[in-house]
Number of protein chains: 2
Amino acid sequence: MLQKNILKTIHKYDLISPLDRVLIGVSGGPDSLALLYLLNDLKVKLGISIIVAHLNHGIRGRASDSDERFVRDTADKLGLDFISRKIDWRPRHKHPSEEALRKLRYDFLSDAAKKYRINKIALAHNLDDQAETVLMRLIRGTGLYGLISILPKRRVGSFFIIRPLLEASRLDIERYLRKIRAKARVDKTNLEDNFLRNKIRHGILKELEKINPNIKGTLARFSQQAVIDYDYLRENAKQFLKSGSGSAVKIDLRKFNSSHMALQRMALRLILEGMAGDLRTFTNKHWEEIQDLAANRPLGSIVHLTKEILARKGKGYLLISSRKHKIKP
Amino acid sequence: MLQKNILKTIHKYDLISPLDRVLIGVSGGPDSLALLYLLNDLKVKLGISIIVAHLNHGIRGRASDSDERFVRDTADKLGLDFISRKIDWRPRHKHPSEEALRKLRYDFLSDAAKKYRINKIALAHNLDDQAETVLMRLIRGTGLYGLISILPKRRVGSFFIIRPLLEASRLDIERYLRKIRAKARVDKTNLEDNFLRNKIRHGILKELEKINPNIKGTLARFSQQAVIDYDYLRENAKQFLKSGSGSAVKIDLRKFNSSHMALQRMALRLILEGMAGDLRTFTNKHWEEIQDLAANRPLGSIVHLTKEILARKGKGYLLISSRKHKIKP
């Protein structure tokens with residue numbers, strides 16, 4: 001049943017083609033373990049080759065090393081190539097954010113993809129994850145834009161990130177693992193994000209299920225639609241910026257002021273993203289200030305967008321730059 | 001404090017200008033009663049004239065008539081003009097949907113606006129309503145698009161709908177009414193929507209507040225942003241359609257297939273809206289069918305979008321029409 005589900009998703013979103021070289025990110029938890037077994041069973045039928053990748057985030061000390069050994073052994077057992085990277089955390093954070101971990105995981109997978117001529121990176125995001133992520137973003141007020149990270153298929157540079165389990169429920173995944181008698185590792189990491197996720201999983205979602213028994217499917221579908229809508233907005237904002245990003249971006253003031261507010265805001269987001277500013281510190285208040293700057297304030301006025309990035313109103317233009325960047329008048 | 005809040009909102013969204021003729025929709029409940037007293041207190045300062053409008057929906061029988069009398073008396077007391085309309089429900093529904101009621105209310109206010117040369121219709125939507133509406137739409141899976149109906153200021157034909165209380169909390173409104181010793185009517189209507197709204201208000205939102213104490217503000221802000229983003233998408237879809245709507249709309253197939261999926265879907269929504277089809281029966285499945293029709297199916301294929309509306313693939317075009325519409329080959 002789960003195999004059918006995954007094949008349907010692969011077909012529907014055109015996730016995999018023959019001769020694909022697929023890197024599977026495997027933490028050792030239930031989702032990624034199921035994904036590994038499923039794709040391994042399908043590899044001949046799909047005509048693909050598989051490499052197993054594991055990031056040893058080292059947060060759980062020895063248990064992290066056991067995770068790595070477990071995934072390595074599983075890959076060995078299946079006769080698959082295995083690669084890993086170990087992170088040394090100690091110097092900085094005790095409890096890295098989910099975002100920081102995601103970045104490390106992404107860097108590792110991206111490097112591996114380049115090194116091993118991989119064209120698809122398969123990740124084990126499932127239906128429940130998607131529903132939970134929607135609620136987390138809503139509760140934190142981080143907006144739907146970030147949902148773009150859980151598309152079923154997304155091009156990233158020279159490869160695609162694919163999520164064949166995106167339409168499978170956690171329940172079906174657990175049932176599948178029991179059926180094939182595979183025992184996954186349990187992630188006991190107590191990240192702050194996991195704390196919120198658990199509250200949502202065991203509290204809020206249960207409450208919502210009383211009102212709409214299919215709430216997870218509803219939220220996942222909603223998320224997919226929002227992702228597509230925001231992708232469109234993002235594409236148009238890219239078009240609007242054209243010249244792209246860098247350490248300083250100049251925007252034509254008249255063009256900015258006559259554009260739709262949605263486009264203005266997304267363009268600004270893209271610029272800040274490009275400058276690697278911390279978008280979490282960019283709030284609605286900043287946004288209102290930028291609009292006021294562009295529309296009303298005198299030449300030379302400045303708005304601080306994040307700790308590092310500021311916007312300055314010039315004659316006929318708006319300049320967004322990092323503090324270090326020299327502003328030529 | 002509430003007066004300050006309302007003045008800030010009026011200023012921020014440019015809701016009211018001197019000489020405006022403002023029609024206030026007053027049900028007699030706390031929100032609209034507060035809005036009435038507030039705007040009446042501010043009318044000289046703002047330089048506006050006010051008319052009070054009440055729709056007697058008749059659902060609560062005699063209590064509905066008492067509501068009307070109450071609002072009429074309040075208007076009299078304040079020396080304001082009063083207009084009302086009474087709906088005869090019995091023939092059709094016992095429990096009209098919130099949507100049906102909204103439509104009736106809108107028709108009444110719109111007619112009154114035309115008759116009395118009104119340029120602003122003020123409604124009493126508050127911060128809590130907005131947060132609850134976001135959650136309702138999410139739980140039901142009706143998408144964020146519909147949030148467009150709770151913008152602080154929105155042009156509708158020859159007038160604007162304005163919502164001066166949109167950034168005020170229910171708590172502040174109740175506090176204000178106690179302070180001025182005004183007693184509002186209690187709406188005991190037991191609509192299905194009210195049932196869900198109450199579950200959200202007293203259950204889900206309380207749970208969410210434990211995680212984020214400012215969840216209402218967060219959801220309201222989120223909603224405002226989504227509304228702007230969807231407005232942009234809607235504007236672009238209108239542009240895409242150009243020729244507008246009617247009982248049959250022809251879309252260039254090549255143009256449709258080469259457009260972004262977000263634009264395709266919004267264009268379709270606008271067409272269905274224009275044909276007054278019931279969007280509630282338009283699901284994701286229909287949407288997938290339309291895409292398949294446009295991209296893959298043979299000429300002459302038909303997809304039924306709602307009970308009344310179908311899409312047909314012609315040579316180089318897609319025709320959306322109501323069943324009654326004669327299709328010319």
# chains A, B, ... in the order shown; residues from 1 in each chain; ligands from 1
$ select_by_dssp --residues "region 55-283 of chain A" --states "alpha helix (DSSP H)" --output "PyMOL selection string"
chain A and resi 62-78+98-115+127-140+170-179+192-199+205-211+215-241+253-257+261-274
$ interface_residues --of "chain A" --to "chain B" --cutoff "9 Å" --atoms "only C-alpha atoms" --output "count of residues only"
33
$ closest_atom_pairs --of "region 165-260 of chain B" --to "region 302-316 of chain B" --cutoff "9 Å" --atoms "only C-alpha atoms" --output "tab-separated table"
residue	atom	partner	partner_atom	distance
B:Ile251	CA	B:Gly316	CA	8.6
B:Asp252	CA	B:Gly316	CA	6.2
B:Leu253	CA	B:Gly316	CA	5.1
B:Arg254	CA	B:Gly316	CA	6.9
$ closest_residue --among "B:Ser27, B:Ser258, B:Gln264, B:Asn119" --to "Ser84 (chain B)" --atoms "only C-alpha atoms"
B:Ser27
$ select_by_dssp --residues "region 103-322 of chain B" --states "strand (DSSP E or B)" --output "CSV table (one decimal) with N, CA, C and O atoms, in the first residue's frame"
chain,number,residue,atom,x,y,z
B,120,LYS,N,-18.9,55.3,1.9
B,120,LYS,CA,-18.2,54.3,2.7
B,120,LYS,C,-19.2,53.5,3.5
B,120,LYS,O,-20.1,54.0,4.1
B,121,ILE,N,-19.0,52.2,3.5
B,121,ILE,CA,-19.8,51.3,4.3
B,121,ILE,C,-18.9,50.8,5.4
B,121,ILE,O,-17.9,50.1,5.2
B,122,ALA,N,-19.2,51.1,6.7
B,122,ALA,CA,-18.3,50.7,7.8
B,122,ALA,C,-18.9,49.4,8.4
B,122,ALA,O,-20.0,49.3,8.8
B,153,LYS,N,-9.8,48.0,4.0
B,153,LYS,CA,-10.5,48.9,3.0
B,153,LYS,C,-10.5,48.3,1.7
B,153,LYS,O,-9.5,47.8,1.2
B,154,ARG,N,-11.7,48.2,1.1
B,154,ARG,CA,-11.7,47.5,-0.2
B,154,ARG,C,-12.8,48.2,-1.0
B,154,ARG,O,-13.9,48.5,-0.6
B,155,ARG,N,-12.4,48.5,-2.3
B,155,ARG,CA,-13.4,49.2,-3.2
B,155,ARG,C,-14.3,48.1,-3.7
B,155,ARG,O,-13.9,47.0,-4.1
B,156,VAL,N,-15.6,48.4,-3.6
B,156,VAL,CA,-16.6,47.6,-4.2
B,156,VAL,C,-17.5,48.4,-5.1
B,156,VAL,O,-18.4,49.2,-4.5
B,159,PHE,N,-18.4,52.3,-4.0
B,159,PHE,CA,-18.1,52.7,-2.7
B,159,PHE,C,-17.0,51.8,-2.1
B,159,PHE,O,-16.5,50.9,-2.7
B,160,PHE,N,-16.5,52.2,-0.9
B,160,PHE,CA,-15.5,51.4,-0.2
B,160,PHE,C,-16.2,50.7,1.0
B,160,PHE,O,-17.0,51.3,1.7
B,161,ILE,N,-15.8,49.5,1.3
B,161,ILE,CA,-16.1,48.8,2.6
B,161,ILE,C,-14.9,49.1,3.5
B,161,ILE,O,-13.8,48.8,3.1
B,162,ILE,N,-15.2,49.6,4.7
B,162,ILE,CA,-14.1,49.9,5.6
B,162,ILE,C,-14.3,49.2,6.9
B,162,ILE,O,-15.5,49.0,7.3
B,248,ALA,N,-20.0,32.4,-20.7
B,248,ALA,CA,-19.1,31.5,-21.3
B,248,ALA,C,-17.7,32.2,-21.5
B,248,ALA,O,-17.7,33.4,-22.0
B,249,VAL,N,-16.7,31.6,-21.1
B,249,VAL,CA,-15.4,32.2,-21.3
B,249,VAL,C,-14.4,31.3,-22.1
B,249,VAL,O,-14.3,30.1,-21.8
B,250,LYS,N,-13.8,31.9,-23.1
B,250,LYS,CA,-12.9,31.1,-23.9
B,250,LYS,C,-11.4,31.5,-23.5
B,250,LYS,O,-11.1,32.7,-23.4
B,251,ILE,N,-10.6,30.5,-23.3
B,251,ILE,CA,-9.2,30.8,-22.9
B,251,ILE,C,-8.3,30.2,-23.9
B,251,ILE,O,-8.5,29.0,-24.3
B,252,ASP,N,-7.3,31.0,-24.4
B,252,ASP,CA,-6.3,30.5,-25.3
B,252,ASP,C,-5.6,29.3,-24.7
B,252,ASP,O,-5.0,29.5,-23.6
B,302,ILE,N,-14.6,16.9,-22.0
B,302,ILE,CA,-15.3,17.8,-21.1
B,302,ILE,C,-15.1,17.4,-19.6
B,302,ILE,O,-14.9,16.2,-19.3
B,303,VAL,N,-14.9,18.4,-18.8
B,303,VAL,CA,-14.8,18.2,-17.4
B,303,VAL,C,-15.9,19.0,-16.7
B,303,VAL,O,-16.2,20.2,-17.0
B,304,HIS,N,-16.7,18.4,-15.8
B,304,HIS,CA,-17.7,19.1,-15.0
B,304,HIS,C,-17.1,19.7,-13.8
B,304,HIS,O,-16.6,19.0,-12.9
B,309,ILE,N,-21.5,24.1,-14.2
B,309,ILE,CA,-20.5,24.7,-15.1
B,309,ILE,C,-19.5,23.6,-15.6
B,309,ILE,O,-19.1,22.7,-14.8
B,310,LEU,N,-19.3,23.6,-16.9
B,310,LEU,CA,-18.3,22.7,-17.4
B,310,LEU,C,-17.3,23.3,-18.3
B,310,LEU,O,-17.4,24.4,-18.8
B,311,ALA,N,-16.2,22.6,-18.4
B,311,ALA,CA,-15.0,23.0,-19.3
B,311,ALA,C,-14.9,22.1,-20.4
B,311,ALA,O,-15.0,20.9,-20.3
B,312,ARG,N,-14.7,22.6,-21.6
B,312,ARG,CA,-14.6,21.8,-22.8
B,312,ARG,C,-13.4,22.2,-23.6
B,312,ARG,O,-13.0,23.4,-23.7
B,313,LYS,N,-12.6,21.2,-24.0
B,313,LYS,CA,-11.4,21.5,-24.8
B,313,LYS,C,-11.7,21.6,-26.3
B,313,LYS,O,-12.3,20.6,-26.9
B,314,GLY,N,-11.5,22.7,-26.8
B,314,GLY,CA,-11.7,22.9,-28.3
B,314,GLY,C,-10.3,23.0,-29.0
B,314,GLY,O,-9.3,22.8,-28.4
B,317,TYR,N,-8.4,26.2,-27.8
B,317,TYR,CA,-9.0,26.9,-26.7
B,317,TYR,C,-9.6,26.0,-25.6
B,317,TYR,O,-9.8,24.8,-25.9
B,318,LEU,N,-9.9,26.6,-24.5
B,318,LEU,CA,-10.6,26.0,-23.4
B,318,LEU,C,-11.9,26.8,-23.2
B,318,LEU,O,-11.8,28.0,-23.0
B,319,LEU,N,-13.0,26.2,-23.2
B,319,LEU,CA,-14.2,26.9,-23.0
B,319,LEU,C,-14.9,26.6,-21.7
B,319,LEU,O,-15.2,25.4,-21.5
B,320,ILE,N,-15.1,27.6,-20.9
B,320,ILE,CA,-15.8,27.3,-19.6
B,320,ILE,C,-17.2,27.9,-19.8
B,320,ILE,O,-17.3,29.1,-20.1
B,321,SER,N,-18.2,27.1,-19.6
B,321,SER,CA,-19.5,27.7,-19.7
B,321,SER,C,-20.5,27.0,-18.8
B,321,SER,O,-20.3,25.9,-18.3
B,322,SER,N,-21.6,27.7,-18.6
B,322,SER,CA,-22.7,27.1,-17.8
B,322,SER,C,-23.4,26.1,-18.7
B,322,SER,O,-23.5,26.3,-19.9
$ atom_distance --atom1 "CA of Lys210 (chain B)" --atom2 "CA of Ser97 (chain A)"
20.9 Å
$ residues_around --residues "Lys12 (chain B)" --least-positions-apart "2" --cutoff "12 Å" --atoms "only C-alpha atoms" --output "count of residues only"
18
$ residues_around --residues "Lys4 (chain B)" --least-positions-apart "6" --cutoff "12 Å" --atoms "only C-alpha atoms" --output "NGL selection string"
:B and (10-11 or 38-39 or 42 or 164-165 or 167-168 or 172 or 176)
$ write_last_selection --atoms "all heavy atoms" --output "compact mmCIF listing (two decimals), in the first residue's frame"
# COMPACT_ATOMS: atom_id res chain seq x y z
N ILE B 10 -7.85 54.07 11.22
CA ILE B 10 -8.42 54.94 10.19
C ILE B 10 -7.32 55.68 9.44
O ILE B 10 -7.32 55.76 8.21
CB ILE B 10 -9.41 55.94 10.83
CG1 ILE B 10 -10.70 55.22 11.24
CG2 ILE B 10 -9.73 57.10 9.86
CD1 ILE B 10 -11.66 56.07 12.07
N HIS B 11 -6.34 56.16 10.20
CA HIS B 11 -5.23 56.88 9.59
C HIS B 11 -4.35 55.96 8.74
O HIS B 11 -4.02 56.26 7.59
CB HIS B 11 -4.39 57.55 10.69
CG HIS B 11 -3.15 58.20 10.18
ND1 HIS B 11 -3.17 59.36 9.44
CD2 HIS B 11 -1.84 57.83 10.26
CE1 HIS B 11 -1.93 59.69 9.11
NE2 HIS B 11 -1.11 58.77 9.59
N LEU B 38 -18.49 54.86 18.62
CA LEU B 38 -17.18 55.44 18.35
C LEU B 38 -17.24 56.42 17.19
O LEU B 38 -16.76 57.56 17.29
CB LEU B 38 -16.17 54.33 18.05
CG LEU B 38 -15.63 53.54 19.25
CD1 LEU B 38 -15.04 52.22 18.80
CD2 LEU B 38 -14.59 54.37 20.01
N LEU B 39 -17.82 55.99 16.09
CA LEU B 39 -17.86 56.86 14.91
C LEU B 39 -18.76 58.07 15.17
O LEU B 39 -18.50 59.17 14.68
CB LEU B 39 -18.33 56.09 13.67
CG LEU B 39 -17.30 55.12 13.08
CD1 LEU B 39 -17.85 54.46 11.82
CD2 LEU B 39 -15.98 55.83 12.75
N LEU B 42 -16.84 60.57 16.91
CA LEU B 42 -15.77 61.14 16.09
C LEU B 42 -16.30 61.91 14.87
O LEU B 42 -15.53 62.50 14.13
CB LEU B 42 -14.83 60.02 15.59
CG LEU B 42 -13.93 59.36 16.64
CD1 LEU B 42 -13.34 58.06 16.08
CD2 LEU B 42 -12.83 60.32 17.08
N PRO B 164 -12.98 49.83 10.56
CA PRO B 164 -12.17 50.59 11.51
C PRO B 164 -11.79 49.80 12.77
O PRO B 164 -10.85 50.16 13.46
CB PRO B 164 -13.08 51.78 11.87
CG PRO B 164 -14.09 51.85 10.78
CD PRO B 164 -14.30 50.46 10.34
N LEU B 165 -12.52 48.72 13.07
CA LEU B 165 -12.23 47.95 14.30
C LEU B 165 -11.31 46.77 14.05
O LEU B 165 -11.08 45.96 14.95
CB LEU B 165 -13.54 47.44 14.91
CG LEU B 165 -14.40 48.44 15.67
CD1 LEU B 165 -15.67 47.77 16.18
CD2 LEU B 165 -13.63 49.04 16.85
N GLU B 167 -8.27 46.26 13.97
CA GLU B 167 -7.09 46.03 14.81
C GLU B 167 -7.42 46.14 16.30
O GLU B 167 -6.53 46.27 17.14
CB GLU B 167 -5.98 47.00 14.39
CG GLU B 167 -5.55 46.72 12.96
CD GLU B 167 -4.40 47.58 12.46
OE1 GLU B 167 -4.22 48.69 13.00
OE2 GLU B 167 -3.70 47.14 11.54
N ALA B 168 -8.71 46.08 16.62
CA ALA B 168 -9.14 46.12 18.03
C ALA B 168 -9.56 44.72 18.47
O ALA B 168 -10.22 44.00 17.73
CB ALA B 168 -10.30 47.09 18.18
N ASP B 172 -11.08 44.54 24.24
CA ASP B 172 -11.08 46.00 24.30
C ASP B 172 -12.45 46.57 23.96
O ASP B 172 -12.88 47.58 24.52
CB ASP B 172 -10.04 46.57 23.33
CG ASP B 172 -8.62 46.44 23.89
OD1 ASP B 172 -8.50 46.25 25.11
OD2 ASP B 172 -7.66 46.51 23.10
N TYR B 176 -14.76 48.78 26.46
CA TYR B 176 -15.27 50.10 26.04
C TYR B 176 -16.78 50.21 26.30
O TYR B 176 -17.26 51.22 26.83
CB TYR B 176 -14.94 50.32 24.56
CG TYR B 176 -15.65 51.48 23.93
CD1 TYR B 176 -15.20 52.79 24.13
CD2 TYR B 176 -16.78 51.28 23.13
CE1 TYR B 176 -15.85 53.87 23.54
CE2 TYR B 176 -17.43 52.35 22.55
CZ TYR B 176 -16.96 53.64 22.76
OH TYR B 176 -17.61 54.70 22.18
$ residues_around --residues "Leu23 (chain A)" --least-positions-apart "2" --cutoff "12 Å" --atoms "only C-alpha atoms" --output "ChimeraX atom specification"
/A:16,20-21,25-26,32,35-36,39-40,48-54,80-84,108-124,159-163
$ atom_distance --atom1 "CA of Ser247 (chain B)" --atom2 "CA of Leu101 (chain B)"
25.0 Å
$ closest_residue --among "A:Met136, A:Ser169, A:His57, A:Pro18" --to "Met1 (chain A)" --atoms "only C-alpha atoms"
A:Ser169
$ atom_distance --atom1 "CA of Asp67 (chain B)" --atom2 "CA of Leu19 (chain B)"
29.8 Å
